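So this block is run_10.csv, CSV, C-alpha atoms and all ligand atoms:
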```csv
chain,number,residue,atom,x,y,z
A,1,MET,CA,0.0,0.0,0.0
A,2,HIS,CA,1.2,3.5,-0.9
A,3,LYS,CA,2.3,5.3,2.3
A,4,ASN,CA,-0.3,8.0,2.0
A,5,GLN,CA,-3.1,5.8,0.7
A,6,VAL,CA,-6.4,6.8,2.1
A,7,ARG,CA,-8.9,4.0,2.5
A,8,LYS,CA,-11.7,5.4,4.7
A,9,ALA,CA,-14.4,8.0,4.1
A,10,VAL,CA,-17.0,9.4,6.6
A,11,ILE,CA,-20.4,10.9,5.6
A,12,PRO,CA,-22.5,12.4,8.4
A,13,VAL,CA,-26.2,12.0,7.7
A,14,ALA,CA,-27.7,12.5,11.2
A,15,GLY,CA,-28.9,16.1,10.9
A,16,PHE,CA,-32.5,17.1,11.1
A,17,GLY,CA,-32.6,18.9,7.8
A,18,THR,CA,-34.8,21.7,9.3
A,19,ARG,CA,-34.5,23.8,6.1
A,20,LEU,CA,-36.3,21.1,4.2
A,21,PHE,CA,-39.2,20.8,6.7
A,22,PRO,CA,-41.8,19.3,6.4
A,23,ALA,CA,-40.4,16.9,3.7
A,24,THR,CA,-37.7,15.9,6.2
A,25,LYS,CA,-40.3,14.9,8.7
A,26,VAL,CA,-40.8,11.8,6.6
A,27,VAL,CA,-37.8,11.5,4.3
A,28,LYS,CA,-34.2,12.2,5.4
A,29,LYS,CA,-32.7,14.8,3.0
A,30,GLU,CA,-29.8,12.3,2.3
A,31,LEU,CA,-32.5,10.0,0.8
A,32,PHE,CA,-34.1,12.6,-1.4
A,33,PRO,CA,-34.0,11.5,-5.1
A,34,ILE,CA,-31.7,13.0,-7.7
A,35,ILE,CA,-31.3,12.0,-11.3
A,36,ASP,CA,-27.8,11.1,-12.3
A,37,ARG,CA,-26.0,11.4,-15.7
A,38,ASP,CA,-27.2,8.0,-16.7
A,39,GLY,CA,-30.8,9.1,-16.0
A,40,ARG,CA,-31.1,6.9,-13.0
A,41,ALA,CA,-33.1,8.1,-10.0
A,42,LYS,CA,-31.1,7.5,-6.8
A,43,PRO,CA,-31.0,8.8,-3.3
A,44,VAL,CA,-28.5,11.5,-2.7
A,45,ILE,CA,-26.5,9.3,-0.3
A,46,ILE,CA,-25.7,6.8,-3.1
A,47,ALA,CA,-24.3,9.6,-5.3
A,48,ILE,CA,-22.1,10.7,-2.3
A,49,ILE,CA,-20.9,7.1,-1.6
A,50,GLU,CA,-20.1,6.7,-5.3
A,51,GLU,CA,-18.1,9.9,-5.2
A,52,ALA,CA,-16.0,8.5,-2.4
A,53,ILE,CA,-15.5,5.1,-4.1
A,54,SER,CA,-14.5,6.9,-7.3
A,55,ALA,CA,-11.4,8.1,-5.4
A,56,GLY,CA,-10.3,4.6,-4.4
A,57,ILE,CA,-11.9,4.6,-1.0
A,58,THR,CA,-12.7,1.1,0.1
A,59,GLU,CA,-14.6,1.6,3.4
A,60,VAL,CA,-17.3,4.2,4.0
A,61,ALA,CA,-19.0,5.0,7.4
A,62,ILE,CA,-22.2,6.9,7.5
A,63,VAL,CA,-23.1,8.6,10.8
A,64,ALA,CA,-26.9,8.3,11.3
A,65,GLN,CA,-29.5,9.0,13.9
A,66,PRO,CA,-30.5,5.8,15.8
A,67,ASP,CA,-34.1,6.1,14.5
A,68,ASP,CA,-32.8,6.1,10.9
A,69,GLN,CA,-30.5,3.1,11.2
A,70,GLU,CA,-33.1,0.7,9.8
A,71,ILE,CA,-33.9,2.8,6.8
A,72,PHE,CA,-30.2,3.2,5.8
A,73,GLU,CA,-29.6,-0.5,6.4
A,74,ASN,CA,-32.5,-1.4,4.3
A,75,LEU,CA,-31.2,0.8,1.4
A,76,LEU,CA,-27.5,-0.1,1.7
A,77,LYS,CA,-27.5,-3.6,3.0
A,78,ASN,CA,-30.7,-5.4,2.0
A,79,PRO,CA,-31.6,-6.6,-1.5
A,80,PRO,CA,-35.0,-5.4,-2.9
A,81,LYS,CA,-38.0,-7.7,-2.1
A,82,LYS,CA,-38.0,-10.7,-4.5
A,83,GLU,CA,-41.2,-9.5,-6.2
A,84,LEU,CA,-39.7,-6.1,-6.9
A,85,LEU,CA,-36.3,-7.5,-8.0
A,86,GLU,CA,-38.1,-9.8,-10.5
A,87,LYS,CA,-39.9,-6.9,-12.0
A,88,LEU,CA,-36.8,-4.7,-12.5
A,89,SER,CA,-35.3,-4.2,-15.9
A,90,PRO,CA,-32.1,-6.2,-16.5
A,91,GLN,CA,-30.1,-2.9,-16.1
A,92,ASN,CA,-31.7,-2.2,-12.8
A,93,GLN,CA,-31.2,-5.8,-11.6
A,94,GLU,CA,-27.5,-5.3,-12.4
A,95,TYR,CA,-27.5,-2.0,-10.5
A,96,SER,CA,-29.2,-3.7,-7.6
A,97,ARG,CA,-26.3,-6.3,-7.5
A,98,TYR,CA,-23.8,-3.4,-7.6
A,99,LEU,CA,-25.6,-1.7,-4.7
A,100,GLN,CA,-25.3,-5.0,-2.7
A,101,ASP,CA,-21.5,-4.9,-3.4
A,102,LEU,CA,-21.4,-1.3,-2.3
A,103,GLY,CA,-23.3,-2.2,0.9
A,104,ASN,CA,-20.5,-4.5,1.9
A,105,ARG,CA,-18.1,-1.6,2.2
A,106,ILE,CA,-20.4,0.5,4.3
A,107,THR,CA,-20.6,0.7,8.1
A,108,ILE,CA,-23.4,2.5,9.8
A,109,LEU,CA,-22.3,4.5,12.9
A,110,LEU,CA,-24.7,6.2,15.3
A,111,GLN,CA,-24.9,9.7,16.6
A,112,GLU,CA,-27.1,9.3,19.7
A,113,GLU,CA,-27.8,13.0,20.1
A,114,GLN,CA,-27.9,15.6,17.3
A,115,LEU,CA,-25.2,18.0,18.7
A,116,GLY,CA,-23.9,19.3,15.4
A,117,TYR,CA,-21.8,18.5,12.3
A,118,GLY,CA,-18.5,18.5,14.3
A,119,HIS,CA,-20.0,16.1,16.9
A,120,ALA,CA,-21.2,13.8,14.1
A,121,VAL,CA,-17.7,13.6,12.7
A,122,PHE,CA,-16.3,12.9,16.2
A,123,CYS,CA,-18.7,9.8,16.3
A,124,ALA,CA,-16.5,8.3,13.6
A,125,LYS,CA,-13.2,8.6,15.7
A,126,ASP,CA,-12.9,4.9,16.8
A,127,TRP,CA,-13.9,3.6,13.3
A,128,VAL,CA,-11.4,5.8,11.5
A,129,GLN,CA,-8.6,4.5,13.8
A,130,ASP,CA,-5.9,7.1,13.6
A,131,GLN,CA,-5.7,7.4,9.8
A,132,PRO,CA,-6.2,10.2,7.4
A,133,PHE,CA,-9.8,10.1,6.0
A,134,LEU,CA,-12.0,11.6,3.4
A,135,LEU,CA,-15.0,13.6,4.8
A,136,LEU,CA,-18.0,14.4,2.7
A,137,LEU,CA,-21.1,16.4,3.6
A,138,GLY,CA,-24.3,14.5,3.5
A,139,ASP,CA,-26.2,17.1,1.4
A,140,HIS,CA,-23.8,17.9,-1.4
A,141,ILE,CA,-23.1,16.1,-4.7
A,142,TYR,CA,-20.4,16.7,-7.2
A,143,THR,CA,-19.5,16.7,-10.9
A,144,SER,CA,-16.0,17.0,-12.1
A,145,ASP,CA,-14.9,19.3,-15.0
A,146,ILE,CA,-12.1,16.9,-15.8
A,147,GLU,CA,-11.8,13.1,-16.1
A,148,LYS,CA,-10.7,12.7,-12.5
A,149,SER,CA,-13.6,12.9,-9.9
A,150,CYS,CA,-13.7,15.7,-7.4
A,151,ALA,CA,-12.8,13.4,-4.5
A,152,SER,CA,-10.0,11.9,-6.4
A,153,GLN,CA,-8.5,15.3,-7.1
A,154,VAL,CA,-8.5,16.1,-3.4
A,155,LEU,CA,-6.8,12.8,-2.6
A,156,ASP,CA,-4.2,13.4,-5.2
A,157,VAL,CA,-3.4,16.8,-3.7
A,158,TYR,CA,-3.1,15.1,-0.3
A,159,GLU,CA,-0.6,12.6,-1.7
A,160,GLN,CA,1.5,15.6,-2.9
A,161,VAL,CA,1.4,17.7,0.2
A,162,ASN,CA,1.0,15.2,3.0
A,163,GLN,CA,-1.1,17.4,5.2
A,164,SER,CA,-4.9,18.0,5.5
A,165,VAL,CA,-6.6,19.3,2.3
A,166,ILE,CA,-9.8,21.2,2.1
A,167,GLY,CA,-11.7,21.4,-1.1
A,168,LEU,CA,-12.5,25.0,-2.2
A,169,THR,CA,-14.7,26.7,-4.7
A,170,THR,CA,-15.0,30.3,-5.8
A,171,MET,CA,-18.0,32.0,-4.1
A,172,SER,CA,-19.6,35.3,-4.8
A,173,VAL,CA,-19.8,37.8,-1.9
A,174,GLU,CA,-23.6,37.5,-1.7
A,175,ILE,CA,-23.5,33.9,-0.5
A,176,ILE,CA,-20.4,33.8,1.8
A,177,HIS,CA,-22.5,34.6,4.9
A,178,LYS,CA,-24.0,31.1,4.5
A,179,ALA,CA,-20.7,29.3,4.0
A,180,GLY,CA,-17.4,28.4,5.5
A,181,CYS,CA,-14.8,30.7,4.0
A,182,VAL,CA,-11.0,30.2,3.6
A,183,THR,CA,-8.0,32.5,2.9
A,184,GLY,CA,-4.4,31.9,2.3
A,185,VAL,CA,-1.4,32.3,0.0
A,186,TRP,CA,-1.3,30.7,-3.4
A,187,GLN,CA,1.2,28.0,-3.9
A,188,ASP,CA,-0.1,27.4,-7.4
A,189,LEU,CA,-2.3,30.3,-8.6
A,190,ASN,CA,-6.0,29.6,-8.5
A,191,SER,CA,-5.4,26.0,-7.6
A,192,ILE,CA,-3.4,25.2,-4.5
A,193,LEU,CA,-3.4,27.4,-1.5
A,194,SER,CA,-1.5,27.4,1.8
A,195,VAL,CA,-4.4,28.1,4.2
A,196,THR,CA,-3.9,30.9,6.7
A,197,GLN,CA,-7.5,31.2,8.0
A,198,LEU,CA,-10.8,29.4,8.0
A,199,TYR,CA,-14.0,31.3,9.1
A,200,GLU,CA,-17.6,30.1,9.3
A,201,LYS,CA,-20.3,32.3,7.8
A,202,PRO,CA,-18.4,35.6,7.8
A,203,THR,CA,-20.2,39.0,7.4
A,204,ILE,CA,-19.3,40.8,4.2
A,205,GLU,CA,-17.4,43.4,6.2
A,206,TYR,CA,-15.3,40.6,7.9
A,207,ALA,CA,-14.7,38.9,4.7
A,208,GLU,CA,-13.6,42.1,2.9
A,209,GLN,CA,-11.2,42.9,5.8
A,210,HIS,CA,-9.7,39.5,6.5
A,211,LEU,CA,-10.6,36.9,3.8
A,212,ARG,CA,-9.4,38.4,0.6
A,213,VAL,CA,-7.3,36.2,-1.6
A,214,GLU,CA,-4.7,37.7,-3.9
A,215,GLY,CA,-5.6,37.8,-7.6
A,216,MET,CA,-9.3,37.2,-7.0
A,217,ALA,CA,-12.1,39.6,-8.1
A,218,GLU,CA,-13.4,42.1,-5.6
A,219,ASN,CA,-16.7,40.3,-5.2
A,220,GLU,CA,-15.2,36.8,-5.0
A,221,PHE,CA,-14.0,34.6,-2.1
A,222,LEU,CA,-13.0,31.0,-1.5
A,223,GLY,CA,-15.7,28.9,0.1
A,224,ILE,CA,-15.7,25.4,1.5
A,225,PHE,CA,-16.7,22.8,-1.2
A,226,GLY,CA,-17.7,20.1,1.2
A,227,LEU,CA,-14.9,17.6,0.5
A,228,TYR,CA,-12.1,17.3,3.0
A,229,LEU,CA,-9.1,15.1,3.5
A,230,LEU,CA,-8.3,15.3,7.2
A,231,THR,CA,-5.6,13.9,9.5
A,232,PRO,CA,-6.9,12.2,12.6
A,233,LYS,CA,-5.6,15.1,14.7
A,234,ILE,CA,-9.0,16.7,14.0
A,235,PHE,CA,-10.5,14.3,16.5
A,236,ASP,CA,-8.3,15.7,19.3
A,237,PHE,CA,-9.8,19.2,18.7
A,238,LEU,CA,-13.3,17.9,18.4
A,239,GLU,CA,-12.9,16.0,21.6
A,240,GLU,CA,-11.6,19.0,23.4
A,241,HIS,CA,-14.5,21.1,22.3
A,242,ILE,CA,-17.0,18.4,23.3
A,243,ASN,CA,-15.3,17.9,26.8
A,244,GLU,CA,-15.2,21.6,27.4
A,245,ASN,CA,-18.8,22.0,26.1
A,246,PHE,CA,-17.5,24.7,23.6
A,247,ARG,CA,-20.5,25.2,21.4
A,248,GLU,CA,-21.2,27.6,18.6
A,249,GLY,CA,-24.8,28.3,17.8
A,250,GLY,CA,-25.6,25.6,20.3
A,251,GLU,CA,-23.7,22.9,18.4
A,252,PHE,CA,-20.2,21.4,18.1
A,253,GLN,CA,-19.0,22.8,14.8
A,254,LEU,CA,-16.3,21.5,12.5
A,255,THR,CA,-14.9,24.7,11.1
A,256,SER,CA,-13.4,26.1,14.4
A,257,CYS,CA,-11.6,22.7,14.8
A,258,LEU,CA,-10.4,22.9,11.2
A,259,GLU,CA,-9.0,26.3,12.1
A,260,ARG,CA,-7.1,24.8,15.0
A,261,LEU,CA,-5.9,21.9,12.8
A,262,HIS,CA,-4.4,24.3,10.3
A,263,GLN,CA,-2.7,26.2,13.0
A,264,GLN,CA,-1.1,23.0,14.4
A,265,GLU,CA,-0.3,21.0,11.4
A,266,GLY,CA,-0.8,23.3,8.4
A,267,MET,CA,-3.5,22.8,5.7
A,268,THR,CA,-3.7,23.0,2.0
A,269,GLY,CA,-6.7,24.4,0.2
A,270,TYR,CA,-7.5,23.1,-3.3
A,271,VAL,CA,-9.8,24.7,-5.8
A,272,VAL,CA,-11.6,21.7,-7.1
A,273,LYS,CA,-12.1,21.5,-10.8
A,274,GLY,CA,-15.7,20.7,-10.7
A,275,LYS,CA,-19.1,21.7,-9.5
A,276,CYS,CA,-20.8,21.3,-6.1
A,277,PHE,CA,-24.5,20.9,-6.0
A,278,ASP,CA,-26.3,21.6,-2.7
A,279,THR,CA,-29.4,19.5,-1.8
A,280,GLY,CA,-30.0,20.9,1.6
A,281,LEU,CA,-32.2,23.9,0.8
A,282,PRO,CA,-35.5,23.9,-1.2
A,283,ASP,CA,-34.4,26.1,-4.1
A,284,ALA,CA,-30.9,24.7,-4.2
A,285,TYR,CA,-32.4,21.1,-4.3
A,286,ARG,CA,-34.7,22.1,-7.1
A,287,GLN,CA,-31.8,23.6,-9.1
A,288,THR,CA,-29.7,20.5,-8.4
A,289,MET,CA,-32.5,18.2,-9.7
A,290,ILE,CA,-32.3,20.2,-13.0
A,291,ASP,CA,-28.6,20.7,-13.3
A,292,PHE,CA,-26.9,17.6,-12.0
A,293,ARG,CA,-28.2,15.5,-14.8
A,294,LYS,CA,-26.7,17.9,-17.4
A,295,PHE,CA,-23.1,17.9,-16.2
B,1,LIG,P1,-26.3,20.9,8.3
B,1,LIG,O1,-25.5,22.0,8.8
B,1,LIG,O2,-26.8,20.9,6.9
B,1,LIG,O3,-27.5,20.6,9.3
B,1,LIG,O4,-25.4,19.6,8.5
B,1,LIG,P2,-28.8,19.7,9.1
B,1,LIG,O5,-29.4,19.5,10.4
B,1,LIG,O6,-28.6,18.5,8.3
B,1,LIG,O7,-29.8,20.6,8.2
B,1,LIG,P3,-30.5,22.0,8.6
B,1,LIG,O8,-29.4,23.0,8.7
B,1,LIG,O9,-31.2,21.8,9.9
B,1,LIG,O10,-31.4,22.3,7.4
B,1,LIG,C1,-24.3,19.3,7.7
B,1,LIG,C2,-24.1,17.8,7.6
B,1,LIG,O11,-23.9,17.3,9.0
B,1,LIG,C3,-24.9,16.3,9.3
B,1,LIG,C4,-26.0,16.5,8.3
B,1,LIG,O12,-26.8,15.4,8.1
B,1,LIG,C5,-25.3,17.1,7.1
B,1,LIG,O13,-24.8,16.0,6.3
B,1,LIG,N1,-25.2,16.5,10.7
B,1,LIG,C6,-25.6,17.7,11.2
B,1,LIG,C7,-25.2,15.4,11.5
B,1,LIG,O14,-24.8,14.3,11.1
B,1,LIG,N2,-25.5,15.6,12.9
B,1,LIG,C8,-25.8,16.8,13.4
B,1,LIG,O15,-26.1,16.8,14.6
B,1,LIG,C9,-25.9,17.9,12.5
```
Show this structure as structure tokens.
Ligand code: UTP
Amino acid sequence: MHKNQVRKAVIPVAGFGTRLFPATKVVKKELFPIIDRDGRAKPVIIAIIEEAISAGITEVAIVAQPDDQEIFENLLKNPPKKELLEKLSPQNQEYSRYLQDLGNRITILLQEEQLGYGHAVFCAKDWVQDQPFLLLLGDHIYTSDIEKSCASQVLDVYEQVNQSVIGLTTMSVEIIHKAGCVTGVWQDLNSILSVTQLYEKPTIEYAEQHLRVEGMAENEFLGIFGLYLLTPKIFDFLEEHINENFREGGEFQLTSCLERLHQQEGMTGYVVKGKCFDTGLPDAYRQTMIDFRKF
């Protein structure tokens, strides 16, 4: 095995999805359907798992609410009922077998209480076992502008730099107050960045004063893309925040721990050559339904 080879990926899916209420009262947002490039209707979580697998990941953990364990198990571990399987087209029968194979690589972990994204990531600590791992948001899907998938690009950069890598995308000033924002110094212009600061949901004033990146347009910043390659040191910071009950907006957040990780070990930002589609908001989901199929 290559010394830096990353085998594990973590996908937290335990959030309540309040922004998609009341749909999320009955369907987890990670199970909402999307139509992929092949015209196949699939739950968002499958597209995210496929993104991880495309990068050579061999084991995936999803972090779920205990009440949702059964539904994820049913999707990812159980074959369709015999009567349904028999009625499927040959292509869908084959896809069903492929899903079964995929299921063998998946572990379902539980987040007993919904204490935030950072807390959900911490729930994977023992499973990750002190290795670097790929982290993917449960409500974002990706298409690459080049042959290599987005997750694969991030892994390649990790192999080059041997420190945590955070996927980035250019964001217009109007939306940065909703996103994690990053600044730093270009190592490779418009591609690889040595991160100097991460900041969650900055105001426009804060971003203009502190988060400008050389060479970028006045109204553009670097936002977090939702794909991260993290060293296991992140768990120490998450654990500290949890033990000290250090909450932000009532929850244990990831970004402040990423900020500490970068201070301690350094972090590379990588502007992913691809598009990120949000499925966590009504209008974003609607647009994703239309656009994801096209790219
Ligand atoms: P979000 O910030 O989108 O929160 O979570 P949410 O609860 O899912 O949705 P809203 O904001 O209420 O609409 C980012 C990711 O972290 C997971 C979510 O499932 C999503 O993939 N998450 C969030 C957890 O696993 N546990 C939590 O306690 C919170």
Using only C-alpha atoms: which of A:Val272, A:Ala207, A:Leu258, A:Leu135 has the shortest distance to Ser191 (chain A):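 Smallest distance to Ser191 (chain A) is found for A:Val272.
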Ligand LIG 1 (chain B) neighbours within 9 Å using only C-alpha atoms and all ligand atoms, as a count of residues only: 38
12 Å contact set for Glu147 (chain A), only C-alpha atoms, chain neighbours under 6 positions out, as a list in words: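 Counting only C-alpha atoms, the residues come to Ser54, Ala55, Gln153, Lys273 and Gly274 of chain A.
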Who sits within 10 Å of Val213 (chain A), only C-alpha atoms, same chain under 4 positions skipped, as a list of chain:residue names: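 Everything that qualifies: A:Val182, A:Thr183, A:Gly184, A:Val185, A:Trp186, A:Asn190, A:Leu193, A:Glu208, A:Ala217, A:Glu218, A:Glu220, A:Phe221, A:Leu222.
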Pick from A:Glu86, A:Asp67, A:Asp236, A:Asp38, whichever lies nearest to Phe292 (chain A) using all atoms listed in the file: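 The shortest atom-to-atom distance to Phe292 (chain A) comes from A:Asp38.
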Point-to-point distance from CA of Leu31 (chain A) to CA of Phe225 (chain A), Å rounded to tenths: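 These atoms are spaced 20.4 Å apart.
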Long-range neighbours of Arg7 (chain A) as a VMD selection string, 12 Å cut-off, only C-alpha atoms, 4 positions minimum in chain: chain A and resid 1 to 3 52 to 61 105 127 to 135 152 155 229
Among the residues A:Gly39, A:Pro232, A:Pro90, A:Gly226, the one that comes closest to Ile141 (chain A) [using all atoms listed in the file]: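 Distance minimum relative to Ile141 (chain A) lands on A:Gly226.
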Selected residue of minimal separation from Gln93 (chain A) among A:Asp145, A:Pro80, A:Tyr285, A:Ala23, counting only C-alpha atoms: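 That would be A:Pro80, the residue with the smallest distance to Gln93 (chain A).
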From A:Leu75, A:Leu88, A:Ala284, A:Ile176, residue lying nearest Tyr206 (chain A) [only C-alpha atoms]: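 So, comparing all the options, the nearest one is A:Ile176.
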Among the residues A:Ile46, A:Ile242, A:Met267, A:Leu85, the one that comes closest to Leu102 (chain A) [using only C-alpha atoms]: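 Using only C-alpha atoms, Leu102 (chain A) sits closest to A:Ile46.
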Contacts of Val161 (chain A) at 12 Å (only C-alpha atoms; same-chain gap of 5+ positions) as a list in words: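 Those residues are Asn4, Val154, Leu155, Asp156, Ile166, Gln187, Ile192, Leu193, Ser194, Leu229, Glu265, Gly266, Met267, Thr268, Gly269 and Tyr270 of chain A.
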Atom-to-atom span, CA of Leu189 (chain A) and CA of Asn162 (chain A), Å: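 Result for CA of Leu189 (chain A) versus CA of Asn162 (chain A): 19.3 Å, one decimal.
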Cut-off 10 Å around (-35.4, 3.7, -10.6) with all atoms listed in the file: residues as a list of chain:residue names: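 With a cut-off of 10 Å, the residues come to A:Pro33, A:Ile35, A:Gly39, A:Arg40, A:Ala41, A:Lys42, A:Pro43, A:Leu88, A:Ser89, A:Asn92, A:Tyr95.
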Atomic separation - CA of Gly180 (chain A) relative to CA of Cys257 (chain A), Å: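 Distance reported for this atom pair: 12.4 Å.
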